[in-house]
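Undergrad: Compact mmCIF, C-alpha atoms and all ligand atoms, saved as my_file_30.txt, coming up:
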# COMPACT_ATOMS: atom_id res chain seq x y z
CA MET A 130 114.09 124.98 89.71
CA GLN A 131 117.04 122.79 90.70
CA LEU A 132 116.19 119.51 92.41
CA LYS A 133 118.04 119.15 95.72
CA PRO A 134 120.53 116.28 96.27
CA ALA A 135 118.15 114.60 98.74
CA GLU A 136 115.26 114.86 96.26
CA LEU A 137 116.95 113.58 93.10
CA ILE A 138 119.63 111.22 94.38
CA ILE A 139 122.42 110.56 91.91
CA ASN A 140 125.14 108.00 92.69
CA GLU A 141 128.84 108.84 92.38
CA ASP A 142 128.99 107.34 88.88
CA GLY A 143 126.10 109.54 87.70
CA SER A 144 123.46 106.79 87.93
CA ILE A 145 120.03 107.08 89.56
CA TYR A 146 119.89 106.01 93.21
CA HIS A 147 118.12 102.62 93.33
CA LEU A 148 118.13 101.47 89.72
CA ASN A 149 121.87 102.18 89.31
CA LEU A 150 121.24 103.26 85.69
CA LEU A 151 122.53 106.13 83.55
CA PRO A 152 120.10 107.99 81.27
CA GLU A 153 121.62 106.30 78.18
CA ASP A 154 121.16 102.82 79.70
CA ILE A 155 117.43 102.53 79.00
CA ALA A 156 115.26 102.21 75.91
CA THR A 157 111.91 103.96 75.59
CA THR A 158 110.21 100.53 75.46
CA ILE A 159 110.44 98.95 78.90
CA ILE A 160 109.30 95.54 80.08
CA THR A 161 108.89 95.20 83.84
CA VAL A 162 108.97 91.83 85.58
CA GLY A 163 108.67 91.07 89.29
CA ASP A 164 111.27 88.33 89.52
CA PRO A 165 114.94 89.31 88.89
CA ASP A 166 115.50 85.86 87.30
CA ARG A 167 112.85 86.71 84.71
CA VAL A 168 115.07 89.50 83.32
CA HIS A 169 117.35 86.91 81.70
CA GLN A 170 114.31 84.84 80.70
CA VAL A 171 113.27 87.86 78.58
CA SER A 172 116.67 89.11 77.37
CA GLN A 173 117.81 85.67 76.21
CA HIS A 174 115.50 86.32 73.24
CA PHE A 175 117.31 89.58 72.32
CA ASP A 176 119.73 89.59 69.35
CA THR A 177 122.23 91.68 71.34
CA ILE A 178 122.51 92.93 74.93
CA GLU A 179 124.38 96.20 75.52
CA VAL A 180 123.60 96.93 79.19
CA LYS A 181 123.47 94.56 82.17
CA LYS A 182 123.25 96.38 85.49
CA GLY A 183 121.65 95.83 88.85
CA LYS A 184 121.30 96.85 92.46
CA ARG A 185 119.09 95.27 95.14
CA GLU A 186 116.12 93.62 93.38
CA PHE A 187 116.32 96.01 90.41
CA HIS A 188 118.14 94.28 87.54
CA THR A 189 118.15 95.70 84.02
CA HIS A 190 119.15 94.35 80.63
CA THR A 191 118.93 96.59 77.56
CA GLY A 192 119.38 95.21 74.07
CA HIS A 193 118.00 94.96 70.55
CA LEU A 194 115.50 92.57 69.03
CA ASN A 195 114.87 92.79 65.28
CA GLY A 196 116.27 96.33 65.35
CA LYS A 197 114.09 97.53 68.25
CA ARG A 198 115.80 98.69 71.44
CA ILE A 199 114.13 97.23 74.54
CA SER A 200 114.93 97.33 78.27
CA VAL A 201 113.76 94.71 80.72
CA ILE A 202 113.87 95.56 84.42
CA SER A 203 112.91 93.65 87.55
CA THR A 204 110.80 95.52 90.09
CA GLY A 205 110.68 92.98 92.89
CA ILE A 206 107.28 92.58 94.52
CA GLY A 207 104.73 95.27 95.34
CA THR A 208 103.63 98.81 94.57
CA ASP A 209 106.12 100.35 97.02
CA ASN A 210 108.84 99.12 94.65
CA ILE A 211 106.82 100.34 91.67
CA ASP A 212 106.91 103.86 93.13
CA ILE A 213 110.71 103.70 92.97
CA VAL A 214 111.02 102.03 89.59
CA ILE A 215 108.61 104.23 87.61
CA ASN A 216 109.75 107.50 89.22
CA GLU A 217 113.41 106.66 88.56
CA LEU A 218 112.77 105.50 84.97
CA ASP A 219 110.93 108.76 84.38
CA ALA A 220 113.77 110.76 85.92
CA LEU A 221 116.24 109.05 83.56
CA VAL A 222 114.38 110.41 80.51
CA ASN A 223 112.71 113.61 81.73
CA ILE A 224 115.24 115.19 84.09
CA ASP A 225 118.60 116.65 83.08
CA PHE A 226 121.00 115.08 85.59
CA LYS A 227 123.70 117.72 84.93
CA THR A 228 121.53 120.77 85.69
CA ARG A 229 119.09 118.86 87.99
CA THR A 230 116.20 120.52 86.17
CA LEU A 231 113.16 119.15 84.34
CA LYS A 232 113.69 118.81 80.60
CA GLU A 233 111.46 120.97 78.40
CA LYS A 234 110.75 118.15 75.95
CA HIS A 235 108.84 115.27 77.54
CA THR A 236 109.73 111.68 76.63
CA SER A 237 106.96 109.11 76.94
CA LEU A 238 107.89 105.52 77.76
CA ASP A 239 105.98 102.38 76.78
CA ILE A 240 105.86 100.27 79.95
CA ILE A 241 104.75 96.65 79.68
CA ARG A 242 104.43 94.44 82.76
CA ILE A 243 104.95 90.72 82.22
CA GLY A 244 103.77 89.24 85.50
CA THR A 245 102.10 86.29 87.16
CA THR A 246 98.69 86.27 88.79
CA GLY A 247 95.91 84.32 90.48
CA ALA A 248 92.49 84.22 88.79
CA ILE A 249 89.37 84.54 90.94
CA GLN A 250 86.76 83.41 88.38
CA PRO A 251 86.45 79.61 88.01
CA ASP A 252 86.22 79.79 84.19
CA ILE A 253 89.69 81.38 83.75
CA PRO A 254 92.05 78.49 82.91
CA ILE A 255 95.49 78.07 84.45
CA ASP A 256 98.42 78.85 82.09
CA THR A 257 96.38 81.29 79.97
CA PHE A 258 97.03 85.04 79.58
CA LEU A 259 95.06 88.08 80.64
CA ILE A 260 95.49 91.78 79.83
CA SER A 261 94.49 94.16 82.64
CA LYS A 262 92.12 96.62 80.95
CA TYR A 263 91.32 98.01 84.39
CA SER A 264 93.06 97.77 87.72
CA LEU A 265 91.66 98.15 91.23
CA GLY A 266 94.37 99.29 93.64
CA PHE A 267 94.17 98.45 97.34
CA ASP A 268 97.63 99.95 97.90
CA GLY A 269 96.72 103.64 98.20
CA LEU A 270 99.74 104.77 96.13
CA LEU A 271 97.64 107.06 93.91
CA HIS A 272 96.45 109.01 96.99
CA PHE A 273 100.01 110.20 97.69
CA TYR A 274 100.07 112.23 94.44
CA GLU A 275 98.04 115.16 93.15
CA HIS A 276 95.76 114.04 90.37
CA ASP A 277 92.52 114.98 88.74
CA ASN A 278 89.90 112.69 87.33
CA ILE A 279 92.10 109.84 86.18
CA ASN A 280 90.24 107.28 88.33
CA TYR A 281 86.65 105.96 88.33
CA PRO A 282 84.91 106.98 91.62
CA ASP A 283 81.57 105.44 90.56
CA ILE A 284 83.12 101.96 90.29
CA GLU A 285 85.08 102.53 93.51
CA ASP A 286 81.96 103.58 95.45
CA GLU A 287 80.01 100.55 94.31
CA PHE A 288 82.94 98.26 95.17
CA ILE A 289 83.24 99.79 98.67
CA ALA A 290 79.52 99.24 99.30
CA HIS A 291 79.53 95.69 97.86
CA THR A 292 82.45 94.54 100.02
CA SER A 293 81.66 96.59 103.18
CA TRP A 294 85.26 97.83 102.74
CA ASN A 295 87.00 98.37 106.07
CA PRO A 296 87.57 102.16 106.41
CA TYR A 297 90.93 101.52 108.11
CA LYS A 298 92.26 100.37 104.72
CA ALA A 299 93.16 102.75 101.89
CA ARG A 300 90.31 103.75 99.56
CA PRO A 301 90.45 101.42 96.51
CA TYR A 302 91.13 103.23 93.22
CA VAL A 303 90.32 102.17 89.66
CA LEU A 304 92.46 103.03 86.63
CA SER A 305 92.60 101.83 83.04
CA TYR A 306 95.38 100.67 80.76
CA SER A 307 96.87 102.58 77.82
CA GLU A 308 94.51 102.13 74.85
CA LYS A 309 97.54 102.27 72.53
CA LEU A 310 99.32 99.36 74.23
CA GLY A 311 96.05 97.51 74.84
CA GLU A 312 95.49 97.49 71.08
CA LEU A 313 99.06 96.37 70.37
CA PHE A 314 98.59 93.26 72.52
CA SER A 315 94.93 92.64 71.69
CA ASP A 316 94.35 89.04 70.61
CA ASN A 317 91.18 87.01 70.48
CA ARG A 318 92.87 84.26 72.55
CA ILE A 319 93.63 86.70 75.40
CA ARG A 320 91.02 87.77 77.91
CA LEU A 321 90.69 91.43 78.89
CA GLY A 322 90.42 91.63 82.65
CA PHE A 323 89.84 93.80 85.71
CA THR A 324 92.83 93.16 87.97
CA ALA A 325 92.92 93.75 91.72
CA THR A 326 96.32 94.84 93.01
CA ASN A 327 96.94 93.72 96.58
CA THR A 328 99.33 94.88 99.29
CA GLY A 329 100.43 91.34 100.12
CA PHE A 330 100.28 87.73 98.98
CA TYR A 331 98.80 86.01 102.05
CA GLY A 332 96.30 87.89 104.26
CA PRO A 333 95.67 90.62 101.66
CA GLN A 334 94.78 87.89 99.12
CA GLN A 335 92.78 85.92 101.74
CA ARG A 336 95.31 83.07 101.98
CA GLN A 337 95.33 81.40 105.36
CA LEU A 338 98.36 79.41 106.46
CA ARG A 339 98.66 79.86 110.26
CA ILE A 340 96.98 83.24 110.78
CA THR A 341 93.48 84.15 109.75
CA PRO A 342 92.79 87.06 107.38
CA SER A 343 90.41 89.60 108.92
CA GLN A 344 87.77 89.29 106.20
CA MET A 345 87.82 85.76 104.76
CA GLU A 346 84.62 86.41 102.82
CA LEU A 347 86.41 89.16 100.83
CA LEU A 348 87.58 86.71 98.14
CA GLU A 349 83.99 85.74 97.42
CA LYS A 350 82.96 89.43 97.50
CA LEU A 351 85.67 90.24 94.97
CA SER A 352 84.56 87.48 92.62
CA THR A 353 80.88 88.48 92.82
CA PHE A 354 81.46 92.22 92.29
CA ASN A 355 79.74 93.34 89.11
CA PHE A 356 79.65 96.92 87.82
CA LYS A 357 77.69 97.13 84.57
CA GLU A 358 78.93 93.65 83.55
CA LEU A 359 82.50 94.49 84.62
CA GLN A 360 83.76 91.65 86.85
CA LEU A 361 87.04 91.37 88.74
CA THR A 362 89.19 88.66 87.20
CA ASN A 363 92.52 88.26 89.00
CA LEU A 364 94.83 89.23 91.86
CA GLU A 365 98.44 90.38 91.74
CA MET A 366 100.61 93.05 93.35
CA GLU A 367 101.89 95.76 90.93
CA THR A 368 99.44 96.76 88.19
CA SER A 369 97.56 99.63 89.88
CA GLY A 370 100.82 101.31 90.91
CA ILE A 371 102.19 101.04 87.37
CA TYR A 372 98.98 102.46 85.88
CA ALA A 373 98.88 105.26 88.44
CA LEU A 374 102.44 106.50 87.99
CA ALA A 375 102.49 105.96 84.23
CA GLN A 376 99.41 108.15 83.83
CA LEU A 377 100.62 110.81 86.26
CA LEU A 378 103.99 111.01 84.50
CA GLY A 379 102.67 110.83 80.93
CA HIS A 380 103.72 107.30 79.98
CA GLU A 381 101.81 104.42 78.37
CA ALA A 382 101.36 101.23 80.40
CA VAL A 383 99.80 97.81 80.09
CA SER A 384 99.90 94.78 82.37
CA LEU A 385 100.14 91.29 80.82
CA ASN A 386 99.40 88.47 83.24
CA CYS A 387 100.11 84.77 83.13
CA ILE A 388 97.49 82.90 85.17
CA LEU A 389 99.42 80.58 87.50
CA ALA A 390 96.81 80.13 90.23
CA ASN A 391 93.05 79.85 90.25
CA ARG A 392 91.73 80.77 93.68
CA ALA A 393 88.19 79.63 92.87
CA THR A 394 89.24 76.08 91.96
CA GLY A 395 92.35 75.93 94.17
CA GLU A 396 94.63 74.92 91.26
CA PHE A 397 98.21 76.06 90.65
CA SER A 398 100.15 75.66 87.40
CA VAL A 399 102.45 72.65 87.13
CA THR A 400 104.41 74.35 84.31
CA PRO A 401 104.88 77.94 85.54
CA THR A 402 108.21 78.60 83.81
CA ALA A 403 107.03 77.31 80.43
CA SER A 404 103.80 79.32 80.68
CA VAL A 405 105.63 82.55 81.52
CA ASP A 406 108.01 81.79 78.62
CA ARG A 407 105.05 81.66 76.24
CA LEU A 408 103.83 85.04 77.50
CA ILE A 409 107.32 86.51 77.04
CA GLU A 410 107.47 85.19 73.47
CA PHE A 411 103.99 86.56 72.69
CA CYS A 412 104.96 89.96 74.10
CA LEU A 413 108.26 90.18 72.22
CA LYS A 414 106.62 89.14 68.92
CA ARG A 415 104.18 92.03 69.24
CA LEU A 416 106.90 94.51 70.21
CA ALA A 417 109.53 93.75 67.59
O1 LIG B 1 105.40 87.32 88.95
P1 LIG B 1 105.40 88.75 89.36
O2 LIG B 1 105.68 89.66 88.22
O3 LIG B 1 106.32 89.04 90.53
O4 LIG B 1 103.90 89.08 89.84
C1 LIG B 1 103.17 88.42 90.85
O5 LIG B 1 103.92 87.49 91.62
C2 LIG B 1 104.34 88.05 92.87
C3 LIG B 1 103.80 87.22 94.01
O6 LIG B 1 104.18 85.90 93.90
C4 LIG B 1 103.80 89.48 92.87
O7 LIG B 1 104.80 90.36 92.45
C5 LIG B 1 102.66 89.39 91.90
O8 LIG B 1 102.25 90.61 91.32
O1 LIG B 2 97.76 84.07 93.43
C1 LIG B 2 98.67 84.79 93.01
C2 LIG B 2 99.57 84.33 92.02
C3 LIG B 2 100.57 85.19 91.60
N1 LIG B 2 100.66 86.41 92.15
C4 LIG B 2 99.81 86.85 93.08
O2 LIG B 2 99.93 87.98 93.58
N2 LIG B 2 98.82 86.03 93.49
Before anything else, please render the file you have as structure tokens.
Ligand SMILES: O=P(O)(O)O[C@H]1O[C@H](CO)[C@@H](O)[C@H]1O
Ligand SMILES: O=c1cc[nH]c(=O)[nH]1

TA:
Amino acid sequence: MQLKPAELIINEDGSIYHLNLLPEDIATTIITVGDPDRVHQVSQHFDTIEVKKGKREFHTHTGHLNGKRISVISTGIGTDNIDIVINELDALVNIDFKTRTLKEKHTSLDIIRIGTTGAIQPDIPIDTFLISKYSLGFDGLLHFYEHDNINYPDIEDEFIAHTSWNPYKARPYVLSYSEKLGELFSDNRIRLGFTATNTGFYGPQQRQLRITPSQMELLEKLSTFNFKELQLTNLEMETSGIYALAQLLGHEAVSLNCILANRATGEFSVTPTASVDRLIEFCLKRLA
């Protein structure tokens, strides 16, 4: 079946609509970062850079490090952007742009998020790293796709009861990381966590500047949730969407987080750039 021009949108130069990339522009190992400035922060470690392209908040550098081809791409903030980025990356490897048909041979990508986060447990130190073994999505993105049994309804049900979850919000969904990538980055200095992915930075993460979030006690409910010893550890804004689309499309994904804030103690890192740098270096050492 041929994909219609309004379904698979290809720019005049043959690149995919938002990412502005050609199929040959990306590696099968992809690092995603939220901040477009972090793309250079990663690629400055590469030995060579062959592709530098961008459009909107989506900037990509592809290059080689110790013989391994790696792409780093900025997603901007939020799971709505993740829907675009992961679908378009998948299209670049699994759809034939000339015939507009799905390729018979599936290519699986390794997708690694290097992001920042706020811890919600007081014992998680600022400037340390955390790997999201599980994610809890408040964004609802998974519900827009057909899927069977990739999530954990028992954890979701207990979370909904524990927090008296407002039924006007999307049903939270729980997913897990790729075991393969989890093992690659496993390190006894890095905590494995259960990451909540939020639909905003202020009200959705119970931050009050001038307007009051509707359920201020939610932060405390999140930190006291406990499912068979599984506790929520941190808040950010992309991981559940990445895990959802990666699993639906047959890719491997893991989210690496640098703890910049601790919401329980009220602290924020005084060396955020250096701490993210250390996470980038750790990630690249394991990859290449
Ligand atoms: O530092 P990044 O990767 O953008 O990640 C975190 O920081 C942003 C909010 O400041 C959100 O995107 C959140 O997920
Ligand atoms: O508290 C934080 C810090 C980084 N990113 C978030 O989404 N929340």

Undergrad: Residues around (116.4, 98.0, 82.7), cut-off 7 Å, counting only C-alpha atoms - what are they as a VMD selection string?

TA: chain A and resid 155 188 to 191 200 to 202

Undergrad: Can you list, as a count of residues only, every protein, DNA or RNA residue that comes within 9 Å of A:Val222 when you count all atoms listed in the file, leaving out same-chain residues fewer than 5 positions away?

TA: 10

Undergrad: Do you have, as JSON lines, the list of residues of chain A lying at most 8 Å from ligand LIG 2 (chain B), each with its nearest atom pair and that distance in Å to one decimal, counting only C-alpha atoms and all ligand atoms and ordered by chain then number?

TA:
{"residue": "A:Gly244", "atom": "CA", "partner": "B:LIG2", "partner_atom": "N1", "distance": 7.9}
{"residue": "A:Thr245", "atom": "CA", "partner": "B:LIG2", "partner_atom": "C3", "distance": 4.8}
{"residue": "A:Thr246", "atom": "CA", "partner": "B:LIG2", "partner_atom": "C3", "distance": 3.5}
{"residue": "A:Gly247", "atom": "CA", "partner": "B:LIG2", "partner_atom": "O1", "distance": 3.5}
{"residue": "A:Ala248", "atom": "CA", "partner": "B:LIG2", "partner_atom": "O1", "distance": 7.0}
{"residue": "A:Thr326", "atom": "CA", "partner": "B:LIG2", "partner_atom": "O2", "distance": 7.8}
{"residue": "A:Asn327", "atom": "CA", "partner": "B:LIG2", "partner_atom": "O2", "distance": 7.1}
{"residue": "A:Gly329", "atom": "CA", "partner": "B:LIG2", "partner_atom": "O2", "distance": 7.4}
{"residue": "A:Phe330", "atom": "CA", "partner": "B:LIG2", "partner_atom": "O2", "distance": 5.4}
{"residue": "A:Gln334", "atom": "CA", "partner": "B:LIG2", "partner_atom": "N2", "distance": 7.2}
{"residue": "A:Leu364", "atom": "CA", "partner": "B:LIG2", "partner_atom": "N2", "distance": 5.4}
{"residue": "A:Glu365", "atom": "CA", "partner": "B:LIG2", "partner_atom": "O2", "distance": 3.4}
{"residue": "A:Met366", "atom": "CA", "partner": "B:LIG2", "partner_atom": "O2", "distance": 5.1}
{"residue": "A:Ile388", "atom": "CA", "partner": "B:LIG2", "partner_atom": "C2", "distance": 7.3}
{"residue": "A:Leu389", "atom": "CA", "partner": "B:LIG2", "partner_atom": "C2", "distance": 5.9}
{"residue": "A:Ala390", "atom": "CA", "partner": "B:LIG2", "partner_atom": "O1", "distance": 5.2}
{"residue": "A:Asn391", "atom": "CA", "partner": "B:LIG2", "partner_atom": "O1", "distance": 7.1}
{"residue": "A:Arg392", "atom": "CA", "partner": "B:LIG2", "partner_atom": "O1", "distance": 6.9}

Undergrad: Between stretch 288-351 of chain A and stretch 266-284 of chain A, at 8 Å or less, what are the per-residue closest atom pairs and their distances in Å? Count all atoms listed in the file, order by chain and rising residue number, and return it as JSON lines.

TA:
{"residue": "A:Phe288", "atom": "CA", "partner": "A:Ile284", "partner_atom": "CA", "distance": 6.1}
{"residue": "A:Lys298", "atom": "CA", "partner": "A:Phe267", "partner_atom": "CA", "distance": 7.9}
{"residue": "A:Ala299", "atom": "CA", "partner": "A:Gly269", "partner_atom": "CA", "distance": 5.2}
{"residue": "A:Arg300", "atom": "CA", "partner": "A:Gly269", "partner_atom": "CA", "distance": 6.6}
{"residue": "A:Pro301", "atom": "CA", "partner": "A:Phe267", "partner_atom": "CA", "distance": 4.8}
{"residue": "A:Tyr302", "atom": "CA", "partner": "A:Gly266", "partner_atom": "CA", "distance": 5.1}
{"residue": "A:Val303", "atom": "CA", "partner": "A:Asn280", "partner_atom": "CA", "distance": 5.3}
{"residue": "A:Leu304", "atom": "CA", "partner": "A:Asn280", "partner_atom": "CA", "distance": 5.1}
{"residue": "A:Ser305", "atom": "CA", "partner": "A:Asn280", "partner_atom": "CA", "distance": 8.0}
{"residue": "A:Ala325", "atom": "CA", "partner": "A:Gly266", "partner_atom": "CA", "distance": 6.0}
{"residue": "A:Thr326", "atom": "CA", "partner": "A:Gly266", "partner_atom": "CA", "distance": 4.9}
{"residue": "A:Asn327", "atom": "CA", "partner": "A:Phe267", "partner_atom": "CA", "distance": 5.5}
{"residue": "A:Thr328", "atom": "CA", "partner": "A:Asp268", "partner_atom": "CA", "distance": 5.5}

Undergrad: Smallest atom-to-atom distance to ligand LIG 1 (chain B): which of A:Thr158, A:Asn386, A:Gln335, A:Asn149, using all atoms listed in the file?

TA: A:Asn386

Undergrad: For atom CA of A:Ile371 and atom CA of A:Asp406, determine how far apart the two atoms are, in Å to one decimal place.

TA: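 Atom-to-atom, atom CA of A:Ile371 and atom CA of A:Asp406 are spaced 21.9 Å apart.
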
Undergrad: Using all atoms listed in the file, can you tell me which of A:Arg242, A:Lys182, A:Arg320, A:His193 comes closest to ligand LIG 1 (chain B)?

TA: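 Once distances to ligand LIG 1 (chain B) are computed over all atoms listed in the file, the minimum belongs to A:Arg242.
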
Undergrad: What is the distance, in Å and to one decimal place, between atom CA of A:Arg415 and atom CA of A:Ser172?

TA: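 Those two atoms sit 15.2 Å apart.
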
Undergrad: So how many Å separate atom CA of A:Leu132 and atom CA of A:Leu374, to one decimal?

TA: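 Atom-to-atom, atom CA of A:Leu132 and atom CA of A:Leu374 are spaced 19.4 Å apart.
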
Undergrad: Could you check which of A:Glu346, A:Asp166, A:Asp316, A:Asp176 is closest to ligand LIG 1 (chain B), using only C-alpha atoms and all ligand atoms?

TA: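 Closest to ligand LIG 1 (chain B) of all the choices is A:Asp166.
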
Undergrad: Go through A:Phe397, A:Phe354, A:Tyr263, A:Tyr146 one by one, measure the shortest atom-to-atom distance of each to A:Ser307 using only C-alpha atoms, and give the residue with the smallest value.

TA: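 Comparing A:Phe397, A:Phe354, A:Tyr263, A:Tyr146 against A:Ser307, the winner is A:Tyr263.
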
Undergrad: Find the spatial neighbours of A:Phe175, counting all atoms listed in the file, within a cut-off of 12 Å - ignore same-chain residues fewer than 5 positions away - and output them as a ChimeraX atom specification.

TA: /A:168-170,180,190-201,409-410,413-414,416-417

Undergrad: Looking at A:Asp239, A:Asp209, A:Glu287, A:Glu381, which one is nearest to ligand LIG 1 (chain B), with distances taken over all atoms listed in the file?

TA: A:Asp209

Undergrad: Just want the 6 Å neighbourhood of A:Lys350, counted on all atoms listed in the file, with same-chain residues fewer than 3 positions away dropped. Output as a VMD selection string.

TA: chain A and resid 292 347 353

Undergrad: Write out N, CA and C atoms for stretch 300-319 of chain A, as a compact mmCIF listing (two decimals), in the frame of the given file.

TA:
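This is the output file result-v9.txt:
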# COMPACT_ATOMS: atom_id res chain seq x y z
N ARG A 300 91.44 103.78 100.50
CA ARG A 300 90.31 103.75 99.56
C ARG A 300 90.78 103.11 98.24
N PRO A 301 90.08 102.05 97.80
CA PRO A 301 90.45 101.42 96.51
C PRO A 301 90.31 102.42 95.37
N TYR A 302 91.21 102.34 94.39
CA TYR A 302 91.13 103.23 93.22
C TYR A 302 91.18 102.41 91.93
N VAL A 303 90.41 102.88 90.94
CA VAL A 303 90.32 102.17 89.66
C VAL A 303 90.96 103.00 88.57
N LEU A 304 91.81 102.37 87.77
CA LEU A 304 92.46 103.03 86.63
C LEU A 304 92.38 102.12 85.42
N SER A 305 92.64 102.69 84.24
CA SER A 305 92.60 101.83 83.04
C SER A 305 93.96 101.80 82.37
N TYR A 306 94.12 100.82 81.48
CA TYR A 306 95.38 100.67 80.76
C TYR A 306 95.51 101.71 79.66
N SER A 307 96.66 101.73 78.99
CA SER A 307 96.87 102.58 77.82
C SER A 307 96.15 101.93 76.64
N GLU A 308 95.25 102.67 76.01
CA GLU A 308 94.51 102.13 74.85
C GLU A 308 95.51 101.73 73.76
N LYS A 309 96.56 102.55 73.59
CA LYS A 309 97.54 102.27 72.53
C LYS A 309 98.20 100.90 72.74
N LEU A 310 98.66 100.64 73.98
CA LEU A 310 99.32 99.36 74.23
C LEU A 310 98.31 98.22 74.32
N GLY A 311 97.10 98.53 74.80
CA GLY A 311 96.05 97.51 74.84
C GLY A 311 95.79 96.98 73.43
N GLU A 312 95.73 97.90 72.46
CA GLU A 312 95.49 97.49 71.08
C GLU A 312 96.65 96.68 70.52
N LEU A 313 97.87 97.09 70.88
CA LEU A 313 99.06 96.37 70.37
C LEU A 313 99.03 94.90 70.79
N PHE A 314 98.56 94.64 72.00
CA PHE A 314 98.59 93.26 72.52
C PHE A 314 97.25 92.55 72.39
N SER A 315 96.26 93.25 71.79
CA SER A 315 94.93 92.64 71.69
C SER A 315 94.98 91.37 70.83
N ASP A 316 94.31 90.33 71.29
CA ASP A 316 94.35 89.04 70.61
C ASP A 316 93.11 88.28 71.04
N ASN A 317 92.44 87.65 70.09
CA ASN A 317 91.18 87.01 70.48
C ASN A 317 91.38 85.81 71.42
N ARG A 318 92.63 85.36 71.60
CA ARG A 318 92.87 84.26 72.55
C ARG A 318 93.15 84.80 73.96
N ILE A 319 93.25 86.15 74.09
CA ILE A 319 93.63 86.70 75.40
C ILE A 319 92.48 87.50 76.00
